[in-house]
Amino acid sequence: MSSETPTEAVLRPAEPEDVPEIVRAYVDARSAAPMPPPIYPEKDIREWLAVKVIAPQAGTEVWVAEVDGAVCAFVAFTPTWLEDLFVHPRAQGTGLGTMLLDLVKSLDPDGFGLWVFEMNTPARAFYARHGLREVERTDGSGNQEKTPDVRMVWP
């Protein structure tokens with residue numbers, strides 16, 4: 001996939017059969033990013049993401065970006081919160097993250113917030129380029145990884 005032109009992608013609500021590819025995108029993207037390692041084993045991550053897709057909490061939506069029949073990225077969000085946006089490393093820089101973020105903006109036009117690790121400067125720069133602004137910083141004592149983070153909001 002080239003970063004020169006936007007990728008041809010299908011954005012659609014996630015289905016139960018997407019869970020293995022969603023898990024792979026999450027695990028691989030997280031390990032490639034400047035983030036602390038997950039505190040849970042992959043088995044627990046798989047179960048957590050499966051519940052998000054198969055039995056989401058009221059108001060939670062999970063969408064995927066599919067390229068050539070494969071899920072390469074996903075986003076999970078509520079009407080006020082962007083919970084997860086992960087693009088598999090092999091698909092980063094192809095516009096999939098922007099497509100999913102634009103989808104969330106269109107479905108949550110009144111705005112939303114998100115948390116991002118302070119150390120994840122590429123993600124913070126991505127969100128800033130797309131109009132989100134930093135409104136709060138913490139020492140990380142409130143998150144499971146105990147790593148400083150930043151709350152960003154749109155608009």
# chains A, B, ... in the order shown; residues from 1 in each chain; ligands from 1

call {"tool": "select_by_dssp", "arguments": {"residues": "chain A", "states": "helix (DSSP H, G or I)", "output": "PyMOL selection string"}}
result
chain A and resi 16-32+42-54+89-91+96-107+121-129

call {"tool": "residues_around", "arguments": {"residues": "Ile22 in chain A", "least_positions_apart": "3", "cutoff": "9 Å", "atoms": "only C-alpha atoms", "output": "list of chain:residue names"}}
result
A:Ala14, A:Asp18, A:Val19, A:Ala25, A:Tyr26, A:Val27, A:Arg46, A:Leu49, A:Ala50, A:Val64, A:Val71, A:Cys72, A:Ala73, A:Phe74, A:Phe86, A:His88

call {"tool": "write_last_selection", "arguments": {"atoms": "all heavy atoms", "output": "CSV table (one decimal), in the first residue's frame"}}
result
chain,number,residue,atom,x,y,z
A,14,ALA,N,-18.2,-3.5,12.5
A,14,ALA,CA,-17.4,-4.8,12.7
A,14,ALA,C,-18.4,-5.9,12.9
A,14,ALA,O,-19.5,-5.7,13.5
A,14,ALA,CB,-16.6,-4.7,14.0
A,18,ASP,N,-14.7,-10.7,12.4
A,18,ASP,CA,-13.6,-9.7,12.2
A,18,ASP,C,-12.7,-9.7,13.5
A,18,ASP,O,-11.6,-9.2,13.4
A,18,ASP,CB,-14.1,-8.3,12.1
A,18,ASP,CG,-14.9,-8.1,10.8
A,18,ASP,OD1,-14.6,-8.7,9.8
A,18,ASP,OD2,-15.9,-7.3,10.8
A,19,VAL,N,-13.1,-10.3,14.6
A,19,VAL,CA,-12.4,-10.2,15.8
A,19,VAL,C,-10.9,-10.6,15.7
A,19,VAL,O,-10.0,-9.9,16.2
A,19,VAL,CB,-13.1,-11.0,17.0
A,19,VAL,CG1,-12.2,-11.1,18.2
A,19,VAL,CG2,-14.4,-10.3,17.3
A,25,ALA,N,-4.6,-6.3,14.5
A,25,ALA,CA,-4.3,-4.9,14.3
A,25,ALA,C,-4.0,-4.2,15.6
A,25,ALA,O,-3.0,-3.4,15.7
A,25,ALA,CB,-5.5,-4.2,13.6
A,26,TYR,N,-4.7,-4.5,16.7
A,26,TYR,CA,-4.5,-3.9,18.0
A,26,TYR,C,-3.1,-4.2,18.5
A,26,TYR,O,-2.3,-3.4,18.9
A,26,TYR,CB,-5.6,-4.3,19.0
A,26,TYR,CG,-5.4,-3.8,20.4
A,26,TYR,CD1,-5.9,-2.6,20.8
A,26,TYR,CD2,-4.7,-4.6,21.3
A,26,TYR,CE1,-5.7,-2.1,22.1
A,26,TYR,CE2,-4.5,-4.1,22.6
A,26,TYR,CZ,-5.0,-2.9,23.0
A,26,TYR,OH,-4.8,-2.4,24.3
A,27,VAL,N,-2.8,-5.5,18.6
A,27,VAL,CA,-1.6,-6.0,19.2
A,27,VAL,C,-0.4,-5.5,18.4
A,27,VAL,O,0.6,-5.0,18.9
A,27,VAL,CB,-1.6,-7.6,19.3
A,27,VAL,CG1,-0.2,-8.1,19.6
A,27,VAL,CG2,-2.6,-8.0,20.3
A,46,ARG,N,-8.0,-10.5,23.3
A,46,ARG,CA,-9.0,-11.1,22.3
A,46,ARG,C,-10.4,-11.1,22.9
A,46,ARG,O,-11.3,-10.7,22.3
A,46,ARG,CB,-8.5,-12.5,21.9
A,46,ARG,CG,-9.3,-13.1,20.8
A,46,ARG,CD,-8.8,-14.5,20.4
A,46,ARG,NE,-7.3,-14.5,20.2
A,46,ARG,CZ,-6.5,-15.1,21.1
A,46,ARG,NH1,-6.9,-15.8,22.1
A,46,ARG,NH2,-5.2,-15.1,20.8
A,49,LEU,N,-11.8,-7.5,23.2
A,49,LEU,CA,-12.2,-6.9,21.9
A,49,LEU,C,-13.4,-7.7,21.3
A,49,LEU,O,-14.3,-7.1,20.7
A,49,LEU,CB,-11.1,-6.9,20.9
A,49,LEU,CG,-10.0,-5.9,21.3
A,49,LEU,CD1,-8.7,-6.1,20.4
A,49,LEU,CD2,-10.5,-4.5,21.1
A,50,ALA,N,-13.5,-9.0,21.6
A,50,ALA,CA,-14.7,-9.8,21.1
A,50,ALA,C,-15.9,-9.3,21.8
A,50,ALA,O,-17.0,-9.1,21.1
A,50,ALA,CB,-14.5,-11.3,21.4
A,64,VAL,N,-14.7,-1.1,11.2
A,64,VAL,CA,-13.4,-1.6,10.6
A,64,VAL,C,-13.2,-0.9,9.3
A,64,VAL,O,-14.1,-0.5,8.6
A,64,VAL,CB,-13.4,-3.1,10.4
A,64,VAL,CG1,-13.5,-3.8,11.8
A,64,VAL,CG2,-14.4,-3.6,9.5
A,71,VAL,N,-9.3,-6.9,7.2
A,71,VAL,CA,-9.4,-5.8,8.2
A,71,VAL,C,-8.0,-5.3,8.5
A,71,VAL,O,-7.2,-6.0,9.0
A,71,VAL,CB,-10.1,-6.2,9.4
A,71,VAL,CG1,-10.1,-5.2,10.5
A,71,VAL,CG2,-11.6,-6.6,9.1
A,72,CYS,N,-7.8,-4.0,8.2
A,72,CYS,CA,-6.4,-3.4,8.5
A,72,CYS,C,-6.5,-2.4,9.6
A,72,CYS,O,-5.4,-1.9,10.1
A,72,CYS,CB,-5.9,-2.7,7.2
A,72,CYS,SG,-5.7,-3.9,5.9
A,73,ALA,N,-7.7,-1.9,10.0
A,73,ALA,CA,-7.8,-0.9,11.1
A,73,ALA,C,-9.2,-1.0,11.7
A,73,ALA,O,-10.1,-1.5,11.1
A,73,ALA,CB,-7.5,0.5,10.5
A,74,PHE,N,-9.3,-0.5,12.9
A,74,PHE,CA,-10.6,-0.4,13.5
A,74,PHE,C,-10.7,0.8,14.5
A,74,PHE,O,-9.7,1.3,14.9
A,74,PHE,CB,-10.9,-1.7,14.3
A,74,PHE,CG,-10.2,-1.8,15.6
A,74,PHE,CD1,-10.9,-1.5,16.8
A,74,PHE,CD2,-8.9,-2.3,15.7
A,74,PHE,CE1,-10.3,-1.6,18.0
A,74,PHE,CE2,-8.3,-2.4,16.9
A,74,PHE,CZ,-9.0,-2.1,18.1
A,86,PHE,N,-6.9,2.0,16.0
A,86,PHE,CA,-5.6,1.3,15.7
A,86,PHE,C,-5.6,0.9,14.3
A,86,PHE,O,-6.5,0.3,13.7
A,86,PHE,CB,-5.5,0.0,16.6
A,86,PHE,CG,-5.2,0.4,18.0
A,86,PHE,CD1,-6.2,0.5,19.0
A,86,PHE,CD2,-3.9,0.5,18.5
A,86,PHE,CE1,-5.9,0.9,20.3
A,86,PHE,CE2,-3.6,0.9,19.8
A,86,PHE,CZ,-4.6,1.0,20.7
A,88,HIS,N,-3.2,-1.3,11.6
A,88,HIS,CA,-2.1,-2.3,11.5
A,88,HIS,C,-0.8,-1.6,11.0
A,88,HIS,O,-0.9,-0.8,10.0
A,88,HIS,CB,-2.4,-3.5,10.7
A,88,HIS,CG,-1.5,-4.6,10.9
A,88,HIS,ND1,-0.3,-4.7,10.2
A,88,HIS,CD2,-1.5,-5.7,11.6
A,88,HIS,CE1,0.4,-5.7,10.6
A,88,HIS,NE2,-0.4,-6.4,11.4

call {"tool": "residues_around", "arguments": {"residues": "Leu103 in chain A", "least_positions_apart": "6", "cutoff": "12 Å", "atoms": "only C-alpha atoms", "output": "VMD selection string"}}
result
chain A and resid 10 to 13 61 to 65 74 to 77 82 85 96 to 97 109

call {"tool": "select_by_dssp", "arguments": {"residues": "chain A", "states": "strand (DSSP E)", "output": "ChimeraX atom specification"}}
result
/A:10-13,61-67,70-77,82-87,112-117,133-138,149-154

call {"tool": "residues_around", "arguments": {"residues": "range 113-125 of chain A", "least_positions_apart": "3", "cutoff": "9 Å", "atoms": "only C-alpha atoms", "output": "ChimeraX atom specification"}}
result
/A:33-36,80-84,128-130,132,134,137-138,140,147-155

call {"tool": "atom_distance", "arguments": {"atom1": "CA of Gly59 in chain A", "atom2": "CA of Ile39 in chain A"}}
result
26.1 Å

call {"tool": "closest_residue", "arguments": {"among": "A:Pro79, A:Ser141, A:Glu21, A:Phe126", "to": "Gln92 in chain A", "atoms": "only C-alpha atoms"}}
result
A:Phe126

call {"tool": "atom_distance", "arguments": {"atom1": "CA of Glu136 in chain A", "atom2": "CA of Pro38 in chain A"}}
result
22.8 Å
